[in-house]
Structure formats: structure tokens, C-alpha cells
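Pasting start-v2.cif here (mmCIF, C-alpha atoms and all ligand atoms):
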data_work
#
loop_
_atom_site.label_atom_id
_atom_site.label_comp_id
_atom_site.auth_asym_id
_atom_site.auth_seq_id
_atom_site.Cartn_x
_atom_site.Cartn_y
_atom_site.Cartn_z
CA MET A 51 -11.05 -16.12 -4.22
CA LYS A 52 -7.92 -14.80 -2.52
CA LEU A 53 -6.73 -11.44 -3.75
CA ILE A 54 -3.94 -9.02 -2.99
CA LEU A 55 -4.22 -5.31 -3.67
CA LEU A 56 -0.83 -3.68 -4.15
CA GLY A 57 -0.17 0.02 -4.53
CA ALA A 58 1.37 3.05 -2.90
CA PRO A 59 -0.22 4.44 0.25
CA GLY A 60 -3.24 6.44 -0.90
CA ALA A 61 -3.43 4.74 -4.32
CA GLY A 62 -7.01 3.71 -3.55
CA LYS A 63 -6.53 0.10 -2.37
CA GLY A 64 -8.95 0.49 0.53
CA THR A 65 -11.70 1.92 -1.66
CA GLN A 66 -11.35 -0.80 -4.28
CA ALA A 67 -11.17 -3.45 -1.55
CA GLU A 68 -14.56 -2.23 -0.26
CA ASN A 69 -16.09 -2.57 -3.75
CA ILE A 70 -14.67 -6.03 -4.35
CA SER A 71 -15.64 -7.15 -0.86
CA ARG A 72 -19.28 -6.14 -1.44
CA HIS A 73 -19.39 -7.69 -4.91
CA TYR A 74 -17.91 -11.08 -3.99
CA SER A 75 -19.07 -11.17 -0.34
CA ILE A 76 -15.57 -11.79 0.98
CA PRO A 77 -13.92 -9.80 3.78
CA THR A 78 -11.13 -7.28 3.38
CA ILE A 79 -8.16 -7.74 5.64
CA SER A 80 -6.26 -4.51 6.19
CA THR A 81 -3.23 -5.00 8.42
CA GLY A 82 -3.10 -1.20 8.81
CA ASN A 83 -6.65 -1.19 10.22
CA ILE A 84 -5.89 -4.14 12.51
CA LEU A 85 -2.84 -2.28 13.83
CA ARG A 86 -4.80 0.96 14.32
CA GLU A 87 -7.45 -1.00 16.25
CA ALA A 88 -4.69 -2.46 18.43
CA ILE A 89 -3.38 1.06 19.10
CA ALA A 90 -6.87 2.31 19.99
CA ALA A 91 -7.37 -0.66 22.33
CA GLY A 92 -3.98 -0.02 23.96
CA THR A 93 -2.76 -3.61 23.48
CA GLU A 94 0.90 -4.60 23.67
CA VAL A 95 1.08 -4.91 19.87
CA GLY A 96 -0.52 -1.48 19.53
CA LEU A 97 1.96 0.11 21.91
CA LYS A 98 4.89 -1.40 19.97
CA ALA A 99 3.47 -0.40 16.59
CA LYS A 100 2.41 3.19 17.21
CA ALA A 101 5.77 4.99 17.05
CA ILE A 102 6.83 2.93 14.02
CA MET A 103 3.60 3.73 12.17
CA ASP A 104 3.78 7.41 13.06
CA ARG A 105 7.21 7.51 11.38
CA GLY A 106 5.82 5.79 8.27
CA GLU A 107 8.05 2.73 8.68
CA LEU A 108 7.07 -0.94 8.54
CA VAL A 109 6.03 -2.81 11.67
CA PRO A 110 8.25 -5.93 12.14
CA ASN A 111 7.35 -8.90 9.96
CA ASP A 112 6.78 -11.33 12.86
CA VAL A 113 4.14 -8.99 14.33
CA VAL A 114 2.12 -8.49 11.12
CA ILE A 115 2.50 -12.09 9.98
CA SER A 116 1.05 -13.34 13.25
CA LEU A 117 -1.87 -10.84 13.02
CA LEU A 118 -2.49 -12.02 9.45
CA LYS A 119 -2.35 -15.68 10.40
CA GLU A 120 -4.88 -15.17 13.18
CA ARG A 121 -7.25 -13.11 11.00
CA THR A 122 -7.22 -15.46 7.98
CA SER A 123 -8.04 -18.44 10.19
CA GLN A 124 -11.40 -16.92 11.18
CA PRO A 125 -14.55 -18.53 9.70
CA ASP A 126 -15.55 -15.55 7.53
CA CYS A 127 -12.34 -16.08 5.50
CA ALA A 128 -13.33 -19.60 4.44
CA ASN A 129 -14.42 -18.51 0.93
CA GLY A 130 -11.56 -16.11 0.38
CA PHE A 131 -10.49 -12.58 1.25
CA ILE A 132 -8.86 -9.44 -0.05
CA LEU A 133 -5.52 -8.42 1.41
CA ASP A 134 -5.08 -4.64 1.59
CA GLY A 135 -1.63 -3.61 2.82
CA PHE A 136 -0.20 -7.12 3.13
CA PRO A 137 2.32 -8.30 1.97
CA ARG A 138 4.53 -5.20 2.18
CA ASN A 139 7.82 -6.97 1.36
CA ILE A 140 9.16 -10.22 -0.09
CA ALA A 141 9.52 -11.89 3.34
CA GLN A 142 5.80 -11.34 4.00
CA ALA A 143 4.91 -12.76 0.57
CA ASP A 144 7.04 -15.82 1.34
CA ALA A 145 5.23 -16.12 4.69
CA LEU A 146 1.88 -16.36 2.87
CA GLU A 147 3.21 -19.31 0.91
CA GLU A 148 4.58 -20.93 4.06
CA LEU A 149 1.12 -20.57 5.63
CA GLY A 150 -0.29 -22.42 2.60
CA ILE A 151 -2.30 -19.39 1.44
CA MET A 152 -2.53 -19.62 -2.34
CA ILE A 153 -3.23 -16.26 -3.96
CA ASP A 154 -5.38 -16.24 -7.12
CA ARG A 155 -4.84 -12.68 -8.34
CA VAL A 156 -2.75 -9.62 -7.47
CA ILE A 157 -3.92 -6.21 -8.59
CA SER A 158 -1.48 -3.35 -8.49
CA ILE A 159 -3.09 0.09 -8.55
CA GLU A 160 -0.63 2.42 -10.22
CA VAL A 161 -0.56 6.08 -9.20
CA GLU A 162 2.34 8.52 -9.60
CA ASP A 163 4.05 9.91 -6.50
CA GLY A 164 2.99 13.51 -7.19
CA ALA A 165 -0.68 12.54 -7.30
CA ILE A 166 -0.26 10.44 -4.13
CA VAL A 167 1.10 13.39 -2.14
CA GLU A 168 -1.79 15.57 -3.34
CA ARG A 169 -4.40 12.91 -2.54
CA MET A 170 -3.07 12.14 0.92
CA SER A 171 -3.40 15.75 2.01
CA GLY A 172 -7.17 15.46 1.47
CA ARG A 173 -7.67 12.02 2.97
CA ARG A 174 -9.83 11.77 6.09
CA THR A 175 -10.31 8.57 8.09
CA CYS A 176 -12.82 7.37 10.64
CA PRO A 177 -10.92 6.25 13.76
CA ASP A 178 -13.97 4.22 14.88
CA CYS A 179 -14.65 1.99 11.84
CA GLY A 180 -11.63 2.59 9.57
CA ALA A 181 -13.65 4.04 6.66
CA SER A 182 -11.69 6.34 4.40
CA TYR A 183 -12.83 9.51 2.61
CA HIS A 184 -11.34 12.33 0.55
CA ILE A 185 -12.45 15.92 0.97
CA LEU A 186 -12.75 16.36 -2.83
CA TYR A 187 -12.93 12.93 -4.48
CA LYS A 188 -14.91 10.89 -1.96
CA PRO A 189 -16.56 13.17 0.58
CA ALA A 190 -18.68 11.83 3.43
CA ASP A 191 -22.40 12.01 2.62
CA ASN A 192 -23.86 14.87 4.65
CA ASP A 193 -21.29 16.45 6.90
CA SER A 194 -17.68 16.32 5.62
CA THR A 195 -16.38 15.84 9.16
CA VAL A 196 -18.61 12.88 10.10
CA CYS A 197 -18.34 9.21 8.98
CA THR A 198 -21.24 8.21 6.70
CA SER A 199 -21.26 4.62 8.01
CA CYS A 200 -20.87 4.97 11.77
CA LYS A 201 -21.10 8.75 12.48
CA GLY A 202 -17.59 8.80 13.98
CA LYS A 203 -15.66 12.08 13.82
CA LEU A 204 -13.28 12.02 10.84
CA ILE A 205 -9.59 12.78 11.36
CA GLN A 206 -6.42 13.11 9.29
CA ARG A 207 -4.24 10.13 10.21
CA PRO A 208 -0.92 11.18 11.78
CA ASP A 209 0.91 9.19 9.11
CA ASP A 210 -0.92 11.09 6.34
CA ALA A 211 1.04 14.24 7.28
CA PRO A 212 3.08 15.36 4.21
CA GLU A 213 6.57 14.57 5.60
CA VAL A 214 5.48 11.08 6.70
CA VAL A 215 3.86 10.44 3.31
CA LEU A 216 7.27 10.96 1.69
CA SER A 217 8.87 8.31 3.94
CA ARG A 218 5.97 5.92 3.30
CA LEU A 219 6.46 6.38 -0.45
CA LYS A 220 10.17 5.61 -0.08
CA VAL A 221 9.36 2.44 1.90
CA PHE A 222 6.85 1.50 -0.80
CA HIS A 223 9.34 1.90 -3.66
CA ASP A 224 12.19 0.18 -1.80
CA GLN A 225 10.35 -2.73 -0.17
CA THR A 226 6.84 -3.22 -1.57
CA GLU A 227 7.23 -2.47 -5.27
CA PRO A 228 9.56 -5.48 -5.85
CA LEU A 229 6.47 -7.61 -5.16
CA LYS A 230 5.21 -6.67 -8.63
CA GLU A 231 8.05 -8.66 -10.19
CA TYR A 232 7.56 -11.45 -7.61
CA TYR A 233 3.89 -11.92 -8.58
CA SER A 234 4.42 -11.15 -12.26
CA LYS A 235 6.79 -14.15 -12.42
CA LYS A 236 3.99 -16.28 -10.97
CA GLY A 237 1.69 -15.01 -13.76
CA ILE A 238 -0.99 -13.64 -11.41
CA LEU A 239 -0.28 -9.87 -11.53
CA LYS A 240 -2.57 -7.36 -13.25
CA LEU A 241 -1.87 -3.62 -13.35
CA VAL A 242 -4.67 -1.08 -13.02
CA ILE A 243 -3.82 2.52 -13.82
CA GLY A 244 -5.44 4.62 -11.08
CA GLN A 245 -7.80 7.19 -12.58
CA GLU A 246 -8.82 10.60 -11.32
CA LYS A 247 -12.41 9.46 -10.83
CA VAL A 248 -12.87 6.61 -8.35
CA GLU A 249 -15.61 4.99 -10.46
CA ASP A 250 -13.25 4.75 -13.45
CA THR A 251 -10.64 2.96 -11.33
CA THR A 252 -13.40 0.69 -10.02
CA ARG A 253 -14.43 -0.25 -13.57
CA LEU A 254 -10.81 -1.06 -14.52
CA THR A 255 -10.35 -3.07 -11.31
CA PHE A 256 -13.37 -5.26 -12.06
CA GLU A 257 -12.12 -5.70 -15.65
CA ALA A 258 -8.80 -6.90 -14.22
CA LEU A 259 -10.65 -9.42 -12.06
CA ALA A 260 -12.77 -10.82 -14.88
P1 LIG B 1 -1.86 1.23 5.80
O1 LIG B 1 -3.12 1.54 6.50
O2 LIG B 1 -1.92 -0.07 5.02
O3 LIG B 1 -1.35 2.37 4.95
O4 LIG B 1 -0.76 0.96 6.93
C1 LIG B 1 -0.41 1.99 7.84
C2 LIG B 1 0.89 1.62 8.53
O5 LIG B 1 0.73 0.38 9.24
C3 LIG B 1 2.07 1.37 7.60
O6 LIG B 1 2.73 2.57 7.23
C4 LIG B 1 2.95 0.48 8.48
O7 LIG B 1 3.61 1.23 9.48
C5 LIG B 1 1.90 -0.39 9.17
N1 LIG B 1 1.62 -1.61 8.38
C6 LIG B 1 0.43 -1.96 7.81
N2 LIG B 1 0.52 -3.13 7.16
C7 LIG B 1 1.80 -3.55 7.33
C8 LIG B 1 2.54 -4.68 6.89
N3 LIG B 1 1.98 -5.63 6.12
N4 LIG B 1 3.85 -4.78 7.27
C9 LIG B 1 4.42 -3.84 8.04
N5 LIG B 1 3.80 -2.73 8.47
C10 LIG B 1 2.49 -2.58 8.13
#
How does this structure look as C-alpha cells?
Ligand code: AMP
Amino acid sequence: MKLILLGAPGAGKGTQAENISRHYSIPTISTGNILREAIAAGTEVGLKAKAIMDRGELVPNDVVISLLKERTSQPDCANGFILDGFPRNIAQADALEELGIMIDRVISIEVEDGAIVERMSGRRTCPDCGASYHILYKPADNDSTVCTSCKGKLIQRPDDAPEVVLSRLKVFHDQTEPLKEYYSKKGILKLVIGQEKVEDTTRLTFEALA
């Protein structure tokens, strides 16, 4: 099964991707995480991407498309995968088709801008493994500053700062949201209304996949 999770930054795509990934034993591919790993490793791609990401803008299509192509050709993707954060615009969606990647289902997690801004201020991320938490809605297990999975020290991502969140939301509405119509026309789009409680959104997401 090949799935796309659409939604504003902070809508809960990463969390739902984790649940689906566990349930169907298929990997999640987050281009944001791949780019953050490249930044941490100090690669050429990372150096190019960092300033763009810190401003909340999109990294050039050729860069992310080539990362995606490389990642989806790895053996663990043979039975399918979940795309979290890709495609971000129509050109990237067209690129998936050109690569011969046929998507079975697209789930758009719908959350209003006001709620997004509030959620992002509480989001904490593990720079070591990419896990994502929220100080109120999804706290780390024992110590709220330490990653439950790998014990890394949690941080607030630079692009989760309030002024950057507003630019990311603008980019989302201008460039990513048109993908809903794109996939709706193909008859594979399902909307999930993001709920206050993560487990309620999870239930609706699995209903949308059934
Ligand atoms: P995310 O973790 O998905 O919120 O992505 C964080 C940042 O990485 C975005 O704001 C973009 O700067 C960059 N990024 C991630 N995925 C893409 C993509 N598919 N196309 C362009 N830029 C991306």
C-alpha cells in the first residue's frame, strides 16, 4: 500500500504516519526528517537546505525529488510506504507519477490555522531520531525534555517558531492545498477532521483507510 498524508504543518501527519506504519509494517518516508538528517550530517544537500527550511520555505523540487527517488528504491519500500510531507506541490505530485509510483490513498488531515499555531508552540522534537511530542497532548513518557524512544534531548525546531509557522501555513495554503483537488479528481482522497485528542484522529484515520 502506498499512502500520502496531506495536511498543514503540525496537523498530526507524523503521528498518524507512525500508527499506520506500525499497523501495516510499512516505512514512513518524511522528506523533512531526511533533510534534517542531512543538515545534522553536514552534507551538501543539508547545507543548501538549512537556510530555506529555517525560513519556512520549500526546498527546491529537484533536491527533494531526488531524495525521494533514492529512498523509495530501498528494499524496505517494496511492500509500500507512507509519504509524510511529500508531495508539497503539484510538480512533486507529477514527479511521483513520472517515477511510476502509483498512490493508493491520500489522507488529508484537516486542522484550522488557529489550532495549528497553538499546537506548534508546544511541539518538541528529538533531533536524534526525529520523534515528535507535544508538551500537553503527547508528552514524552517520563521526563518531558527527553525522547521516550532514544533518550535524545528534545528541542523546539527552529521552524516551529511562531513567525516561521505563519510562513509555513501560507506556503501550505498556496502550494500544498491544491493537491487536495488534484487527488480528489483521481478519486483517492479522503478527508479526516483532526480532533483534539490524538486517539480520536487515529480512529478516524484508520476508518478512512478501511
Ligand atoms: P516537515 O518536517 O515536513 O514539516 O518539513 C520541514 C521543512 O522541510 C519544510 O518547511 C520545507 O522547508 C522542507 N521540506 C520537507 N519536505 C519538503 C518537500 N516535499 N518539498 C520541499 N520542501 C520540503
Of the listed residues A:Glu107, A:Asp112, A:Glu162, A:Asp224, that which approaches Gln142 of chain A most closely, counting all atoms listed in the file = A:Asp112
9 Å contact set for segment 122-139 of chain A, only C-alpha atoms, chain neighbours under 3 positions out, as a VMD selection string = chain A and resid 51 to 57 59 63 to 64 67 70 to 71 75 to 82 108 111 114 to 115 117 to 119 142 to 146 222 224 to 229
Suppose you want the space between atom CA of Arg218 of chain A and atom CA of Val156 of chain A; what is it in Å?
->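 These atoms are spaced 20.8 Å apart.
Among the candidates A:Gly96, A:Pro110, A:Gly244, A:Gly62, the one nearest to ligand LIG 1 (chain B) when counting all atoms listed in the file is A:Pro110.
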Contacts of segment 197-207 of chain A within 8 Å, only C-alpha atoms, excl. fewer than 4 positions in-chain, as a PyMOL selection string = chain A and resi 173-179+181+190-192+211
Atomic separation - atom CA of Gly180 of chain A relative to atom CA of Ala90 of chain A, Å = 11.5 Å
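Minimum distance to Glu160 of chain A across A:His223, A:Ile89, A:Lys236, A:Phe256 (counting only C-alpha atoms) occurs at A:His223.
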Nearest to ligand LIG 1 (chain B) among A:Arg105, A:Lys235, A:Arg169, A:His73, with distances taken over only C-alpha atoms and all ligand atoms: which residue is it?
->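 So, comparing all the options, the nearest one is A:Arg105.
Using all atoms listed in the file, the nearest neighbour of ligand LIG 1 (chain B) within the list A:Glu94, A:Glu257, A:Asp104, A:Asp193 is A:Asp104.
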What is the atom CA of Asn69 of chain A to atom CA of Ile157 of chain A distance in Å?
->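 Taking atom CA of Asn69 of chain A and atom CA of Ile157 of chain A, their separation equals 13.6 Å.
Minimum atom-to-atom distance to Leu216 of chain A, evaluated using only C-alpha atoms, belongs to A:Val167 out of A:Val167, A:Ile159, A:Leu97, A:Ile151.
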